Amino acid sequence: MSRTLLLSLVLAAGCAPQYFVSDVHNAGDGLVVTKCEFGLDGQPTNICHDESDNTYGLDNPDESYGTPDPAEVRKVKRQLDAPVEKRAAPTDASLAAAVSSKGVHDSLELCRATYAPAVTSVDVSMTVAPTGEITKLVTNAQQGPFADCTDRALRTANILAYDGAAVHSELRLTL
């Protein structure tokens with residue numbers, strides 16, 4: 001390796017944000033780089049140390065940086081090659097369970113008790129995106145505060161993301 005190339009590599013490696021190269025000189029069979037620190041204020045300091053060119057792996061790269069463990073390489077390769085598990089789209093039963101969960105049910109009961117005590121059930125038509133978000137929600141609740149409250153309560157349902165297309169479901173929730 002030419003001295004110019006070696007010097008440029010050493011200088012490039014020595015120009016980390018917290019250090020500056022103050023000196024490069026020959027020492028025996030290699031180069032020694034003197035690196036000094038920048039202070040917290042960004043000004044050069046006199047806190048310096050020497051590093052040989054072996055520090056940068058120029059004599060024997062495998063020795064300085066190490067070689068990857070073959071078992072680790074195989075493990076990572078297996079992980080990358082493993083088939084990705086696909087999550088199935090939710091069924092009507094799993095969507096019914098999500099919108100009937102305790103938190104959603106309690107919120108719906110609060111909506112009913114506050115705005116429409118005579119209502120005993122709500123018909124729900126909803127479309128769920130693969131992200132798990134309810135993108136379209138239509139209920140048979142009359143327009144007004146009860147319908148708005150019901151809409152907000154149903155949108156809090158925890159539906160896991162899945163692979164595939166949007167899913168449409170129609171449900172009847174008993175309050």
# chains A, B, ... in the order shown; residues from 1 in each chain; ligands from 1
>>> residues_around(residues="segment 142-159 of chain A", least_positions_apart="3", cutoff="8 Å", atoms="only C-alpha atoms", output="list in words")
Leu95, Ala98, Val99, Ser101, Val104, Ser107, Leu108, Cys111, Arg112, Tyr115, Ala116, Gly132, Glu133, Ile134, Leu137 and Thr139 of chain A
>>> select_by_dssp(residues="segment 44-133 of chain A", states="helix (DSSP H, G or I)", output="ChimeraX atom specification")
/A:53-56,61-65,70-81,92-99,102-115
>>> residues_around(residues="Lys86 of chain A", least_positions_apart="4", cutoff="12 Å", atoms="only C-alpha atoms", output="ChimeraX atom specification")
/A:130,161-164
>>> write_last_selection(atoms="N, CA, C and O atoms", output="PDB file, in the first residue's frame")
ATOM      1  N   PRO A 130     -56.403  -3.343   6.433  1.00  0.00           N
ATOM      2  CA  PRO A 130     -55.357  -4.272   6.891  1.00  0.00           C
ATOM      3  C   PRO A 130     -54.526  -3.731   8.061  1.00  0.00           C
ATOM      4  O   PRO A 130     -53.890  -4.490   8.763  1.00  0.00           O
ATOM      5  N   ALA A 161     -53.530  -5.685  13.122  1.00  0.00           N
ATOM      6  CA  ALA A 161     -53.213  -5.569  11.694  1.00  0.00           C
ATOM      7  C   ALA A 161     -53.106  -6.971  11.095  1.00  0.00           C
ATOM      8  O   ALA A 161     -52.782  -7.939  11.790  1.00  0.00           O
ATOM      9  N   TYR A 162     -53.371  -7.066   9.821  1.00  0.00           N
ATOM     10  CA  TYR A 162     -53.349  -8.365   9.149  1.00  0.00           C
ATOM     11  C   TYR A 162     -52.901  -8.181   7.711  1.00  0.00           C
ATOM     12  O   TYR A 162     -52.781  -7.057   7.222  1.00  0.00           O
ATOM     13  N   ASP A 163     -52.655  -9.282   7.030  1.00  0.00           N
ATOM     14  CA  ASP A 163     -52.266  -9.258   5.622  1.00  0.00           C
ATOM     15  C   ASP A 163     -53.499  -9.505   4.763  1.00  0.00           C
ATOM     16  O   ASP A 163     -54.347 -10.323   5.102  1.00  0.00           O
ATOM     17  N   GLY A 164     -53.572  -8.791   3.655  1.00  0.00           N
ATOM     18  CA  GLY A 164     -54.688  -9.011   2.749  1.00  0.00           C
ATOM     19  C   GLY A 164     -55.471  -7.747   2.501  1.00  0.00           C
ATOM     20  O   GLY A 164     -55.023  -6.637   2.749  1.00  0.00           O
TER      21      GLY A 164
END
>>> residues_around(residues="Thr127 of chain A", least_positions_apart="2", cutoff="8 Å", atoms="only C-alpha atoms", output="list in words")
Ser125, Ala129, Ile134, Thr135, Lys136, Leu137, Ala166, Val167, His168 and Ser169 of chain A
>>> atom_distance(atom1="atom CA of Glu170 of chain A", atom2="atom CA of Met126 of chain A")
6.4 Å
>>> select_by_dssp(residues="segment 20-113 of chain A", states="strand (DSSP E or B)", output="ChimeraX atom specification")
/A:20-27,30-38,44-52
>>> atom_distance(atom1="atom CA of Tyr19 of chain A", atom2="atom CA of Gly39 of chain A")
9.2 Å
>>> closest_residue(among="A:Leu175, A:Ala89, A:Ala97, A:Val119", to="Leu160 of chain A", atoms="only C-alpha atoms")
A:Ala89
>>> residues_around(residues="Leu173 of chain A", least_positions_apart="4", cutoff="7 Å", atoms="only C-alpha atoms", output="list in words")
Ser121, Val122 and Asp123 of chain A
>>> atom_distance(atom1="atom CA of Ala118 of chain A", atom2="atom CA of Thr174 of chain A")
12.2 Å
>>> residues_around(residues="Glu51 of chain A", least_positions_apart="4", cutoff="8 Å", atoms="only C-alpha atoms", output="number ranges by chain")
A: 32-35, 55
